[in-house]
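So this one's work02.txt, compact mmCIF, C-alpha atoms:
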```
# COMPACT_ATOMS: atom_id res chain seq x y z
CA MET A 18 23.47 -53.76 -84.58
CA ALA A 19 26.70 -54.15 -82.67
CA ASN A 20 28.53 -52.58 -85.62
CA GLN A 21 26.15 -49.60 -85.64
CA LYS A 22 26.74 -49.06 -81.95
CA ASN A 23 30.47 -49.10 -82.48
CA ILE A 24 30.57 -46.77 -85.45
CA PHE A 25 32.38 -43.94 -83.61
CA ARG A 26 33.79 -46.04 -80.77
CA ARG A 27 37.34 -47.20 -80.19
CA GLY A 28 38.69 -50.15 -82.11
CA PRO A 29 38.60 -51.32 -85.70
CA ALA A 30 34.92 -50.34 -86.19
CA SER A 31 35.77 -46.63 -85.98
CA GLY A 32 36.96 -46.75 -89.64
CA ALA A 33 33.47 -45.99 -91.02
CA GLY A 34 32.97 -43.08 -88.59
CA LEU A 35 36.38 -41.76 -89.48
CA LEU A 36 35.61 -41.89 -93.19
CA ILE A 37 32.32 -39.99 -92.78
CA LEU A 38 33.93 -37.28 -90.65
CA VAL A 39 36.96 -36.97 -92.97
CA LEU A 40 34.61 -36.49 -95.93
CA VAL A 41 32.63 -33.84 -94.04
CA ALA A 42 35.86 -32.04 -93.07
CA LEU A 43 37.15 -32.16 -96.66
CA ALA A 44 33.82 -30.85 -97.94
CA LEU A 45 34.05 -27.93 -95.49
CA ILE A 46 37.66 -27.21 -96.50
CA PHE A 47 36.87 -27.20 -100.22
CA ALA A 48 33.73 -25.12 -99.68
CA SER A 49 35.82 -22.58 -97.73
CA ALA A 50 38.54 -22.53 -100.38
CA PHE A 51 36.57 -22.43 -103.61
CA THR A 52 33.08 -21.11 -102.84
CA THR A 53 31.46 -18.30 -100.86
CA TRP A 54 28.80 -20.59 -99.34
CA LEU A 55 30.39 -20.50 -95.89
CA ASN A 56 30.94 -16.73 -95.79
CA PRO A 57 27.73 -16.12 -93.77
CA VAL A 58 28.95 -18.72 -91.23
CA ARG A 59 32.30 -16.98 -91.05
CA SER A 60 30.65 -13.59 -90.58
CA LEU A 61 28.50 -15.02 -87.81
CA ALA A 62 31.58 -16.59 -86.20
CA LEU A 63 33.31 -13.20 -86.35
CA ASP A 64 30.39 -11.61 -84.47
CA LEU A 65 30.43 -14.37 -81.86
CA VAL A 66 34.17 -14.63 -81.23
CA ALA A 67 35.18 -10.96 -81.50
CA PRO A 68 34.06 -10.27 -77.90
CA LEU A 69 36.28 -13.19 -76.89
CA TYR A 70 39.24 -11.50 -78.62
CA ARG A 71 38.36 -8.31 -76.77
CA VAL A 72 38.54 -10.23 -73.46
CA THR A 73 41.83 -11.92 -74.33
CA ASP A 74 43.30 -8.55 -75.27
CA PHE A 75 42.58 -7.41 -71.70
CA PRO A 76 46.10 -8.11 -70.31
CA SER A 77 47.71 -5.80 -72.87
CA ARG A 78 45.04 -3.14 -72.18
CA ILE A 79 45.77 -3.40 -68.44
CA GLY A 80 49.48 -2.99 -69.22
CA GLU A 81 48.72 0.13 -71.26
CA TRP A 82 46.45 1.52 -68.53
CA THR A 83 49.09 0.83 -65.85
CA ARG A 84 51.76 2.58 -67.91
CA THR A 85 49.55 5.66 -68.35
CA SER A 86 48.22 5.70 -64.78
CA PHE A 87 51.56 5.40 -63.08
CA ALA A 88 53.48 7.59 -65.49
CA ASP A 89 55.51 10.37 -63.97
CA ARG A 90 53.78 13.80 -63.94
CA GLU A 91 56.81 15.40 -65.60
CA GLU A 92 56.69 12.72 -68.29
CA LEU A 93 53.00 13.39 -68.98
CA LEU A 94 53.56 17.16 -69.12
CA GLY A 95 56.41 16.58 -71.55
CA GLU A 96 54.14 14.41 -73.70
CA VAL A 97 51.40 17.09 -73.70
CA GLN A 98 53.96 19.74 -74.69
CA ARG A 99 55.30 17.52 -77.49
CA LEU A 100 51.78 16.90 -78.83
CA GLN A 101 50.93 20.63 -78.66
CA ASP A 102 54.09 21.45 -80.63
CA GLU A 103 53.30 18.74 -83.17
CA ASN A 104 49.73 20.00 -83.49
CA LEU A 105 50.98 23.54 -84.15
CA ILE A 106 53.36 22.34 -86.86
CA LEU A 107 50.64 20.23 -88.50
CA GLN A 108 48.15 23.12 -88.44
CA GLY A 109 50.76 25.32 -90.10
CA ARG A 110 51.36 22.68 -92.79
CA SER A 111 47.63 22.17 -93.23
CA MET A 112 47.12 25.90 -93.93
CA THR A 113 49.85 25.82 -96.60
CA MET A 114 48.39 22.62 -98.04
CA ALA A 115 44.90 24.12 -98.21
CA ASP A 116 46.31 26.96 -100.29
CA VAL A 117 48.14 24.53 -102.59
CA VAL A 118 45.00 22.38 -102.98
CA ALA A 119 42.87 25.42 -103.82
CA GLU A 120 45.40 26.46 -106.48
CA ASN A 121 45.51 22.90 -107.83
CA VAL A 122 41.69 22.79 -108.04
CA ARG A 123 41.64 26.13 -109.94
CA LEU A 124 44.31 24.90 -112.40
CA ARG A 125 42.46 21.61 -112.93
CA GLN A 126 39.25 23.55 -113.64
CA LEU A 127 41.14 25.62 -116.22
CA LEU A 128 42.42 22.42 -117.85
CA ASN A 129 39.01 20.68 -117.59
CA ALA A 130 40.79 17.85 -115.74
CA ALA A 131 39.13 15.44 -113.30
CA GLU A 132 38.15 16.90 -109.98
CA LEU A 133 40.41 16.30 -106.94
CA VAL A 134 38.61 14.28 -104.30
CA GLN A 135 39.09 13.28 -100.67
CA ALA A 136 37.90 9.97 -99.26
CA ARG A 137 35.42 9.61 -96.39
CA VAL A 138 37.09 7.92 -93.44
CA LEU A 139 36.05 6.06 -90.30
CA ILE A 140 38.20 5.54 -87.21
CA ALA A 141 38.53 1.93 -86.05
CA GLU A 142 40.30 0.16 -83.22
CA LEU A 143 42.07 -3.19 -83.01
CA ILE A 144 40.16 -5.89 -81.13
CA GLY A 145 42.57 -8.80 -81.49
CA THR A 146 44.70 -11.00 -83.70
CA PRO A 147 43.55 -14.49 -84.76
CA PRO A 148 45.93 -17.25 -83.62
CA ASP A 149 46.98 -18.32 -87.11
CA ILE A 150 50.70 -18.21 -87.83
CA GLU A 151 50.30 -18.60 -91.59
CA THR A 152 48.30 -15.42 -92.11
CA HIS A 153 48.54 -11.80 -90.97
CA ARG A 154 45.05 -10.67 -90.05
CA ILE A 155 43.52 -8.44 -87.38
CA ILE A 156 40.00 -7.94 -86.04
CA ILE A 157 38.63 -4.39 -85.78
CA ASN A 158 35.59 -2.93 -84.01
CA ARG A 159 33.69 -1.72 -87.08
CA GLY A 160 31.31 -3.75 -89.24
CA ARG A 161 28.27 -3.79 -91.45
CA LEU A 162 26.44 -1.39 -89.13
CA GLN A 163 29.04 1.24 -90.01
CA GLU A 164 28.60 0.45 -93.76
CA LEU A 165 31.88 -1.42 -94.10
CA SER A 166 32.28 -3.85 -96.99
CA PRO A 167 35.04 -6.25 -98.11
CA GLY A 168 37.83 -4.61 -100.08
CA GLN A 169 37.95 -1.28 -98.26
CA PRO A 170 41.49 0.03 -97.70
CA VAL A 171 42.75 0.54 -94.15
CA ILE A 172 45.46 3.06 -93.23
CA ASP A 173 47.03 4.57 -90.13
CA ASN A 174 48.89 7.83 -89.59
CA GLU A 175 52.00 6.44 -91.30
CA GLY A 176 50.65 4.61 -94.32
CA VAL A 177 48.66 1.70 -95.73
CA ILE A 178 47.95 -1.20 -93.35
CA GLY A 179 45.75 -3.52 -95.39
CA GLN A 180 42.22 -4.13 -96.59
CA VAL A 181 38.95 -5.38 -95.14
CA THR A 182 38.32 -9.03 -96.06
CA TYR A 183 35.31 -10.17 -93.99
CA VAL A 184 32.57 -8.05 -92.47
CA SER A 185 30.12 -9.03 -89.74
CA THR A 186 27.48 -6.90 -88.02
CA ASP A 187 29.82 -5.19 -85.58
CA TYR A 188 33.30 -6.36 -86.51
CA SER A 189 35.57 -6.84 -89.52
CA GLU A 190 38.64 -8.82 -90.43
CA VAL A 191 41.52 -6.92 -92.04
CA LEU A 192 44.20 -8.60 -94.14
CA LEU A 193 47.53 -6.85 -93.51
CA ILE A 194 49.84 -5.88 -96.39
CA SER A 195 52.50 -8.17 -94.89
CA ASP A 196 50.33 -11.26 -95.43
CA ARG A 197 51.72 -13.52 -98.14
CA SER A 198 48.47 -13.41 -100.11
CA SER A 199 48.41 -9.59 -100.17
CA ALA A 200 49.48 -7.54 -103.22
CA VAL A 201 49.31 -3.75 -103.50
CA PRO A 202 49.88 -1.80 -106.75
CA VAL A 203 52.51 0.85 -105.97
CA GLN A 204 54.70 3.41 -107.67
CA ILE A 205 58.04 4.93 -106.80
CA GLU A 206 57.46 8.47 -105.54
CA ARG A 207 60.71 9.74 -107.17
CA ASN A 208 60.02 8.67 -110.76
CA GLY A 209 56.48 7.24 -110.88
CA LEU A 210 57.59 3.74 -111.97
CA ARG A 211 54.94 1.17 -111.13
CA ALA A 212 55.27 -2.24 -109.43
CA ILE A 213 53.38 -4.69 -107.21
CA ALA A 214 54.31 -4.90 -103.51
CA GLU A 215 53.49 -8.25 -101.98
CA GLY A 216 53.62 -9.49 -98.40
CA SER A 217 56.53 -11.65 -97.32
CA GLY A 218 54.96 -13.25 -94.23
CA THR A 219 56.99 -11.08 -91.84
CA TYR A 220 55.64 -7.85 -90.37
CA ASP A 221 58.64 -5.68 -91.23
CA SER A 222 59.19 -6.63 -94.85
CA LEU A 223 57.44 -6.51 -98.22
CA ARG A 224 58.76 -7.51 -101.66
CA LEU A 225 58.38 -6.00 -105.09
CA ARG A 226 57.25 -8.63 -107.56
CA ASN A 227 58.88 -9.20 -110.98
CA VAL A 228 61.06 -6.11 -111.04
CA PRO A 229 63.36 -6.20 -114.12
CA SER A 230 67.07 -5.50 -113.61
CA THR A 231 66.75 -2.33 -115.72
CA PHE A 232 64.17 -0.87 -113.30
CA ASP A 233 65.24 2.51 -111.84
CA VAL A 234 64.97 1.80 -108.12
CA LYS A 235 67.33 2.85 -105.33
CA VAL A 236 67.67 2.10 -101.63
CA GLY A 237 65.72 4.80 -99.79
CA ASP A 238 63.07 5.24 -102.50
CA ARG A 239 59.62 5.85 -101.02
CA LEU A 240 56.73 3.80 -102.40
CA ILE A 241 53.18 5.13 -102.60
CA THR A 242 49.98 3.46 -103.80
CA SER A 243 49.50 3.88 -107.55
CA GLY A 244 45.70 3.72 -107.50
CA LEU A 245 45.66 0.94 -110.12
CA GLY A 246 43.26 -1.91 -109.48
CA ASP A 247 40.68 0.46 -107.95
CA ARG A 248 41.33 -0.93 -104.47
CA PHE A 249 43.81 1.42 -102.79
CA PRO A 250 43.46 5.13 -103.64
CA LYS A 251 46.47 6.84 -105.19
CA GLY A 252 49.16 8.53 -103.14
CA TYR A 253 49.14 6.80 -99.74
CA PRO A 254 52.63 5.86 -98.41
CA LEU A 255 53.34 2.14 -98.35
CA GLY A 256 57.01 1.88 -97.40
CA GLU A 257 60.63 2.49 -98.23
CA VAL A 258 63.12 0.39 -100.22
CA VAL A 259 65.70 -1.00 -97.77
CA SER A 260 67.69 -3.41 -99.93
CA ILE A 261 68.11 -4.45 -103.56
CA ASN A 262 69.74 -7.71 -104.66
CA HIS A 263 70.38 -8.95 -108.15
CA PRO A 264 70.78 -12.75 -108.18
CA SER A 265 73.08 -13.78 -111.02
CA SER A 266 70.71 -16.58 -112.07
CA SER A 267 67.64 -14.34 -112.39
CA PRO A 268 66.67 -11.50 -114.74
CA TYR A 269 64.68 -9.91 -111.90
CA LEU A 270 65.73 -7.83 -108.91
CA GLU A 271 64.91 -8.77 -105.32
CA VAL A 272 63.63 -5.53 -103.83
CA ASN A 273 62.85 -5.50 -100.10
CA VAL A 274 60.60 -2.81 -98.70
CA GLN A 275 60.05 -1.79 -95.09
CA PRO A 276 56.37 -0.94 -94.49
CA ALA A 277 55.70 2.67 -93.46
CA SER A 278 53.38 1.51 -90.67
CA SER A 279 54.32 -0.57 -87.64
CA LEU A 280 52.01 -3.41 -88.58
CA GLN A 281 52.57 -5.45 -85.44
CA SER A 282 51.79 -2.65 -82.99
CA VAL A 283 49.02 -0.75 -84.78
CA ARG A 284 45.92 -0.15 -82.59
CA GLN A 285 44.03 2.79 -84.12
CA MET A 286 43.40 3.03 -87.84
CA LEU A 287 41.29 4.69 -90.52
CA ILE A 288 39.03 2.91 -92.98
CA LEU A 289 38.66 4.63 -96.35
CA PHE A 290 35.32 4.69 -98.15
CA ALA A 291 34.86 4.69 -101.89
CA ASP A 292 32.38 7.58 -101.82
CA THR A 293 34.34 10.81 -102.02
CA THR A 294 33.76 14.53 -101.76
CA PRO A 295 35.32 17.18 -104.00
CA LEU A 296 38.40 18.72 -102.45
CA GLY A 297 38.12 22.50 -102.33
CA ARG A 298 39.58 25.49 -100.57
CA GLY A 299 39.72 25.07 -96.81
CA SER A 300 38.71 21.41 -96.83
CA LEU A 301 42.10 20.23 -95.57
CA ALA A 302 42.07 22.72 -92.74
CA GLU A 303 38.68 21.35 -91.66
CA MET B 10 50.88 -42.29 -63.32
CA ILE B 11 47.48 -40.90 -64.36
CA GLU B 12 44.68 -43.36 -63.87
CA ASN B 13 42.44 -44.36 -66.76
CA ARG B 14 38.76 -43.49 -66.36
CA SER B 15 35.78 -42.22 -68.33
CA ILE B 16 34.91 -38.56 -68.75
CA THR B 17 31.54 -36.84 -68.40
CA PRO B 18 30.23 -34.64 -71.26
CA VAL B 19 30.09 -31.63 -68.91
CA SER B 20 33.72 -32.08 -67.99
CA ALA B 21 34.75 -32.48 -71.65
CA ALA B 22 32.76 -29.37 -72.66
CA LEU B 23 34.24 -27.30 -69.85
CA MET B 24 37.78 -28.34 -70.68
CA THR B 25 37.27 -27.67 -74.41
CA SER B 26 35.88 -24.18 -73.68
CA LEU B 27 38.85 -23.40 -71.44
CA ALA B 28 41.31 -24.75 -74.03
CA LEU B 29 39.73 -22.58 -76.76
CA LEU B 30 39.89 -19.50 -74.55
CA LEU B 31 43.54 -20.12 -73.67
CA TYR B 32 44.33 -20.79 -77.34
CA VAL B 33 43.33 -17.29 -78.47
CA ILE B 34 45.20 -15.45 -75.68
CA PRO B 35 48.29 -13.79 -77.15
CA ILE B 36 51.56 -14.68 -75.43
CA PRO B 37 54.14 -11.89 -75.05
CA LEU B 38 57.25 -12.31 -77.25
CA LEU B 39 55.65 -15.11 -79.29
CA GLY B 40 53.76 -12.87 -81.71
CA GLN B 41 51.09 -14.85 -83.50
CA MET B 42 52.47 -18.17 -82.27
CA ARG B 43 50.13 -19.79 -79.74
CA ILE B 44 50.15 -22.86 -77.55
CA ASP B 45 47.67 -25.28 -79.08
CA PHE B 46 45.78 -26.15 -75.91
CA VAL B 47 42.97 -27.82 -77.88
CA ALA B 48 45.40 -30.29 -79.50
CA VAL B 49 46.97 -31.00 -76.10
CA LEU B 50 43.51 -31.68 -74.66
CA ILE B 51 42.57 -34.04 -77.50
CA ILE B 52 45.86 -35.93 -77.09
CA TYR B 53 45.41 -36.16 -73.32
CA LEU B 54 41.82 -37.40 -73.59
CA GLY B 55 42.79 -39.77 -76.40
CA ILE B 56 45.38 -41.42 -74.18
CA TYR B 57 43.86 -41.35 -70.71
CA ARG B 58 40.09 -41.08 -70.95
CA ASP B 59 37.44 -43.46 -72.23
CA MET B 60 34.95 -41.46 -74.29
CA PRO B 61 31.84 -42.73 -76.07
CA TYR B 62 32.59 -40.90 -79.34
CA PRO B 63 36.24 -39.83 -79.42
CA LEU B 64 36.36 -39.09 -83.16
CA LEU B 65 33.16 -37.08 -83.08
CA PHE B 66 34.43 -35.16 -80.05
CA ALA B 67 37.74 -34.38 -81.80
CA PHE B 68 35.87 -33.28 -84.94
CA GLY B 69 33.53 -31.04 -82.93
CA ALA B 70 36.40 -29.48 -80.99
CA GLY B 71 38.17 -28.89 -84.32
CA VAL B 72 35.16 -27.12 -85.85
CA LEU B 73 34.93 -24.91 -82.75
CA GLN B 74 38.64 -24.17 -83.05
CA ASP B 75 38.11 -23.23 -86.72
CA LEU B 76 35.34 -20.83 -85.73
CA VAL B 77 37.26 -19.30 -82.82
CA SER B 78 40.47 -18.83 -84.79
CA LEU B 79 38.55 -17.65 -87.91
CA ALA B 80 40.41 -20.26 -89.94
CA PRO B 81 38.99 -22.03 -93.02
CA LEU B 82 36.23 -24.34 -91.76
CA GLY B 83 37.36 -27.96 -91.52
CA GLN B 84 41.07 -27.19 -91.11
CA HIS B 85 41.41 -27.96 -87.39
CA ALA B 86 38.53 -30.45 -87.52
CA LEU B 87 40.39 -32.68 -89.98
CA GLY B 88 43.69 -32.41 -88.10
CA LEU B 89 42.27 -33.24 -84.68
CA LEU B 90 40.23 -36.05 -86.18
CA LEU B 91 43.36 -37.67 -87.62
CA VAL B 92 45.28 -37.23 -84.35
CA SER B 93 42.41 -38.80 -82.43
CA TRP B 94 42.30 -41.70 -84.87
CA ILE B 95 46.07 -42.31 -84.66
CA LEU B 96 45.84 -42.32 -80.86
CA GLU B 97 43.32 -45.17 -81.05
CA PHE B 98 46.18 -47.44 -82.10
CA PHE B 99 48.86 -46.17 -79.71
CA ARG B 100 46.99 -45.20 -76.55
CA ASP B 101 47.67 -48.48 -74.74
CA ARG B 102 51.40 -48.26 -75.45
CA MET B 103 51.56 -44.59 -74.51
CA LYS B 104 49.82 -45.26 -71.20
CA LEU B 105 52.61 -47.62 -70.24
CA ILE B 106 55.22 -44.86 -70.28
CA SER B 107 55.45 -41.77 -68.12
CA ILE B 108 54.19 -38.38 -69.31
CA PRO B 109 57.70 -36.90 -69.80
CA ALA B 110 58.65 -39.96 -71.86
CA GLN B 111 55.66 -39.28 -74.13
CA ILE B 112 57.18 -35.98 -75.27
CA PRO B 113 58.68 -37.29 -78.58
CA ALA B 114 55.41 -38.96 -79.57
CA VAL B 115 53.41 -35.83 -78.68
CA PHE B 116 55.82 -33.71 -80.69
CA LEU B 117 55.37 -35.93 -83.74
CA LEU B 118 51.58 -35.74 -83.44
CA LEU B 119 51.69 -31.95 -83.15
CA LEU B 120 54.06 -31.73 -86.08
CA LEU B 121 51.67 -33.79 -88.19
CA LEU B 122 48.83 -31.53 -87.10
CA LYS B 123 50.68 -28.31 -87.97
CA PHE B 124 51.87 -29.77 -91.27
CA GLN B 125 48.27 -30.50 -92.22
CA TYR B 126 47.10 -27.01 -91.09
CA SER B 127 49.83 -25.41 -93.19
CA TRP B 128 48.84 -27.27 -96.34
CA ILE B 129 45.18 -26.41 -95.92
CA ALA B 130 46.17 -22.76 -95.47
CA ALA B 131 48.22 -23.15 -98.64
CA LEU B 132 45.20 -24.56 -100.48
CA ASN B 133 42.96 -21.73 -99.27
CA LEU B 134 45.31 -18.81 -99.65
CA GLY B 135 47.73 -20.01 -102.31
CA ILE B 136 50.74 -19.61 -100.01
CA LEU B 137 53.48 -22.08 -99.19
CA PRO B 138 53.92 -23.28 -95.58
CA THR B 139 56.70 -21.82 -93.45
CA LEU B 140 58.85 -23.15 -90.61
CA ASP B 141 56.69 -21.19 -88.14
CA ALA B 142 54.55 -24.30 -87.82
CA LEU B 143 57.57 -26.13 -86.41
CA GLY B 144 58.08 -23.42 -83.77
CA SER B 145 54.46 -23.67 -82.69
CA SER B 146 54.76 -27.47 -82.32
CA VAL B 147 57.92 -27.10 -80.21
CA ILE B 148 56.28 -24.56 -77.89
CA THR B 149 53.16 -26.70 -77.45
CA THR B 150 55.29 -29.80 -76.78
CA LEU B 151 57.19 -27.92 -74.06
CA VAL B 152 53.98 -27.45 -72.09
CA TRP B 153 52.73 -31.02 -72.56
CA VAL B 154 53.97 -32.29 -69.16
CA PRO B 155 52.57 -29.48 -66.95
CA ILE B 156 49.35 -29.26 -68.95
CA ALA B 157 48.73 -33.03 -68.78
CA PHE B 158 49.04 -32.94 -64.96
CA LEU B 159 46.90 -29.78 -64.77
CA ILE B 160 44.10 -31.29 -66.85
CA ASN B 161 44.14 -34.31 -64.59
CA ALA B 162 43.94 -32.11 -61.49
CA PHE B 163 41.13 -30.00 -63.03
CA GLU B 164 39.14 -33.05 -64.07
CA SER B 165 39.49 -34.67 -60.62
CA ARG B 166 37.50 -31.83 -59.01
CA PRO B 167 34.18 -33.05 -57.58
CA PHE B 168 32.07 -30.33 -59.33
CA VAL B 169 32.77 -31.75 -62.78
```

Would you kindly transcribe this structure into C-alpha cells?
Amino acid sequence: MANQKNIFRRGPASGAGLLILVLVALALIFASAFTTWLNPVRSLALDLVAPLYRVTDFPSRIGEWTRTSFADREELLGEVQRLQDENLILQGRSMTMADVVAENVRLRQLLNAAELVQARVLIAELIGTPPDIETHRIIINRGRLQELSPGQPVIDNEGVIGQVTYVSTDYSEVLLISDRSSAVPVQIERNGLRAIAEGSGTYDSLRLRNVPSTFDVKVGDRLITSGLGDRFPKGYPLGEVVSINHPSSSPYLEVNVQPASSLQSVRQMLILFADTTPLGRGSLAE
Amino acid sequence: MIENRSITPVSAALMTSLALLLYVIPIPLLGQMRIDFVAVLIIYLGIYRDMPYPLLFAFGAGVLQDLVSLAPLGQHALGLLLVSWILEFFRDRMKLISIPAQIPAVFLLLLLLKFQYSWIAALNLGILPTLDALGSSVITTLVWVPIAFLINAFESRPFV
C-alpha cells in the first residue's frame, strides 16, 4: 500500500511511475512520427492555440500600427504616389499579357494542345510562428472552412513560400521552403534543366540536391517550379542561384539559392487551389 | 536563499499557464529561438517545492507544451519528465548552493533537454539536429537567476 502511494512521489519508489510515463511519452512520439492517429489531436490543438499565437503577435502588430499612425504625411503621400505608379505599370503589363495569353490560347487550340489554366487563389494572413527552432513553420488564418487541405502550395507576390501541412477548422500550418524537410521540384528558367531545391534550415538559403558537375547552371540563374510531383504548379519563381561550389572530393556541385520571397517577414500570402479555370482573353486583366 | 515549501495545484496551474504563454511570445532579434520558461519552471519547482506528483506534473506540462508549440506529441513531455527525474537525485545538493551558483547545473539540464528535443525532431522529420539548440539553452540559462526570484515572488502572493 505504501508503495502504491509513493508511485509518483519523490525517492526511489518513483522508478515505476517514471517507467510508465516514459513508455506513454515514447508511444506518443512514435505515433506522431509513424502514424496519422494523432492528426485529429494536432488539428484540434491548432484550433485551440492559434488564438494564443494571435495574442502573442500583438506587440509586432502594435509596432506596425504605431509606424503607420505616426508616419509623416509627406511620407504617406509619397507611398500612395509610388503605389499608384506601380499600379499603372502593372495594369499596362497586364493588358500586354492578356493579349499574349489570348494568342497563346489560339495557337494551342490550333495545335490541339492542353488548355492553359489559372489556379483559384485565396488570400491568407500570418497568425504566428511556432517556437520550434528545428523547423520552419507558420500559422495562417485559413482552414477547413475555406476548403483548405494539406499539400496546397502557398505563394506571395515574389514567389513560392511553402505548402500547407496541417489544417484545422479555422487555421492551417504551412511548412516553409526553407525547412530542412522541404523539397521543391524546380527548373532553371534559362535552359529548362530540372533539379530539386531543398531547405537548408536558414531562411535566406536553399540548396539544389544532387546536381552533377556537368549541369549547366550559373550564378544569377532564376529558378521556377517545374510542376513535377503535382504539388507546386509550373512556372512560379522560387529563387536565384547565388553561389556554386565544386568540392574536389565530390562529383556533385553545391548550388546555393536565395529564395525569391522574404520568408522571415512574410505576412500576407496566397493559397493556390488545385481546381483551375481555363485561361482566356481578358482573364488576366480581370 | 529561497525557502522550501509545498505548492498548491492552483498556483502550479497558474504558473504553468503563464510559462506557456511567455514561451510562445516571439522575442525581437532572436527569430524562432525562445526562452524555455516551462523548463525553467519545472527546474525551479523540482528544486524548491514539494509536490505530490512531480513526475506527473512535469509530464502534463510537457504535453501542454507539445500542444502549444505544435510539436510532435510526447517530445517535451519526455524531456521534462527526465529533467524532473534527474532533479529528484540532486535537489538537496542544489538547494545548498545559491541560485547564481546553480547556473552550470541548470545549463547542463537545459542542454540535455534540447538535445533530446532535437533528436525527436530528427526522428519525426528526418533532419539532423543543429547548433541552434545550444543557443536556446544559453539564452534560457541567462534568465535562470531573475526568473527563479520572480517565480518565488509570484508564488508568495496571498491570492495563490

Just need the box for range 94-109 of chain A, edges along x, y and z, holding every atom the file lists for it with 6 Å tacked onto each side, so centre and edge lengths in Å to one decimal, as lines of an AutoDock Vina configuration file.
```
center_x = 52.3
center_y = 19.9
center_z = -79.6
size_x = 20.3
size_y = 22.9
size_z = 33.0
```

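Here CA of Ala22 in chain B is placed at a distance of 25.4 Å from CA of Ile112 in chain B.
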
In file coordinates, which residues lie within 12 Å of (40.1, -17.1, -89.4) using only C-alpha atoms, given as a PyMOL selection string? (chain A and resi 49+56+58-63+66-67+145-156+182-183+189-192) or (chain B and resi 33+72-85+130+133-134)

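Across A:Arg110, A:Arg161, A:Arg226, A:Arg211, the tightest approach to Gly244 in chain A is made by A:Arg211 when counting only C-alpha atoms.
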
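Neighbouring residues of range 254-270 of chain A at 8 Å or closer, counting only C-alpha atoms and skipping chain neighbours under 5 positions away, are Glu175, Gly176, Val177, Val203, Asn227, Val228, Pro229, Ser230, Lys235, Val236, Gly237, Asp238, Arg239, Leu240, Ile241, Thr242, Gln275, Pro276, Ala277 and Ser278 of chain A.
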
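Here CA of Thr52 in chain A is placed at a distance of 27.0 Å from CA of Leu29 in chain B.
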
Non-local contacts of Leu96 in chain B (7 Å; all atoms listed in the file; under 4 positions in same chain excluded) as a ChimeraX atom specification: /B:55-56,92,100

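The two atoms in question, CA of Leu64 in chain B and CA of Leu50 in chain B, are spaced 13.4 Å apart.
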
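All residues that come within 10 Å of the coordinates (42.9, -28.1, -77.3), counting all atoms listed in the file, are given as Met24, Thr25, Ser26, Leu27, Ala28, Leu29, Leu30, Leu31, Tyr32, Ile44, Asp45, Phe46, Val47, Ala48, Val49, Leu50, Ile51, Ile52, Tyr53, Ala67, Ala70, Gly71, Gln74 and Leu89 of chain B.
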
Mind dumping the selected residues with C-alpha atoms as a compact mmCIF listing (two decimals), in the frame of the given file?
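This went into selection20.txt:
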```txt
# COMPACT_ATOMS: atom_id res chain seq x y z
CA MET B 24 37.78 -28.34 -70.68
CA THR B 25 37.27 -27.67 -74.41
CA SER B 26 35.88 -24.18 -73.68
CA LEU B 27 38.85 -23.40 -71.44
CA ALA B 28 41.31 -24.75 -74.03
CA LEU B 29 39.73 -22.58 -76.76
CA LEU B 30 39.89 -19.50 -74.55
CA LEU B 31 43.54 -20.12 -73.67
CA TYR B 32 44.33 -20.79 -77.34
CA ILE B 44 50.15 -22.86 -77.55
CA ASP B 45 47.67 -25.28 -79.08
CA PHE B 46 45.78 -26.15 -75.91
CA VAL B 47 42.97 -27.82 -77.88
CA ALA B 48 45.40 -30.29 -79.50
CA VAL B 49 46.97 -31.00 -76.10
CA LEU B 50 43.51 -31.68 -74.66
CA ILE B 51 42.57 -34.04 -77.50
CA ILE B 52 45.86 -35.93 -77.09
CA TYR B 53 45.41 -36.16 -73.32
CA ALA B 67 37.74 -34.38 -81.80
CA ALA B 70 36.40 -29.48 -80.99
CA GLY B 71 38.17 -28.89 -84.32
CA GLN B 74 38.64 -24.17 -83.05
CA LEU B 89 42.27 -33.24 -84.68
```

Selection near Ile140 in chain A, 8 Å with all atoms listed in the file, sequence-local residues under 4 positions removed, as a PDB file with C-alpha atoms, in the frame of the given file:
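Output file around35.pdb follows:
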```
ATOM      1  CA  GLN A 285      44.030   2.790 -84.120  1.00  0.00           C
ATOM      2  CA  MET A 286      43.400   3.030 -87.840  1.00  0.00           C
ATOM      3  CA  LEU A 287      41.290   4.690 -90.520  1.00  0.00           C
ATOM      4  CA  ILE A 288      39.030   2.910 -92.980  1.00  0.00           C
TER       5      ILE A 288
END
```

I'd like to know which of B:Pro18, B:Gly144, B:Pro155, B:Pro113 is closest to chain A, using all atoms listed in the file. B:Gly144

Quick one: residues within 7 Å of Ile157 in chain A, all atoms listed in the file, excluding same-chain residues fewer than 4 positions away - as a PDB file with C-alpha atoms, in the frame of the given file?
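The resulting file, selection19.pdb, is reproduced below:
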```pdb
ATOM      1  CA  ALA A 141      38.530   1.930 -86.050  1.00  0.00           C
ATOM      2  CA  GLU A 142      40.300   0.160 -83.220  1.00  0.00           C
ATOM      3  CA  LEU A 143      42.070  -3.190 -83.010  1.00  0.00           C
ATOM      4  CA  ILE A 144      40.160  -5.890 -81.130  1.00  0.00           C
ATOM      5  CA  TYR A 188      33.300  -6.360 -86.510  1.00  0.00           C
ATOM      6  CA  SER A 189      35.570  -6.840 -89.520  1.00  0.00           C
ATOM      7  CA  GLU A 190      38.640  -8.820 -90.430  1.00  0.00           C
TER       8      GLU A 190
END
```

Residues at most 12 Å from Arg102 in chain B, counting all atoms listed in the file, excluding those fewer than 4 positions away in the same chain, as JSON, numbers by chain? {"B": [56, 57, 96, 97, 98, 106, 107, 108, 110, 111, 114]}

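Using all atoms listed in the file, the nearest neighbour of Leu87 in chain B within the list B:Val154, B:Ile129, B:Leu119, B:Met42 is B:Ile129.
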
Between A:Val181, A:Ala200, A:Val72, A:Leu45, which residue has the minimum interatomic distance to Ala214 in chain A, considering only C-alpha atoms? A:Ala200
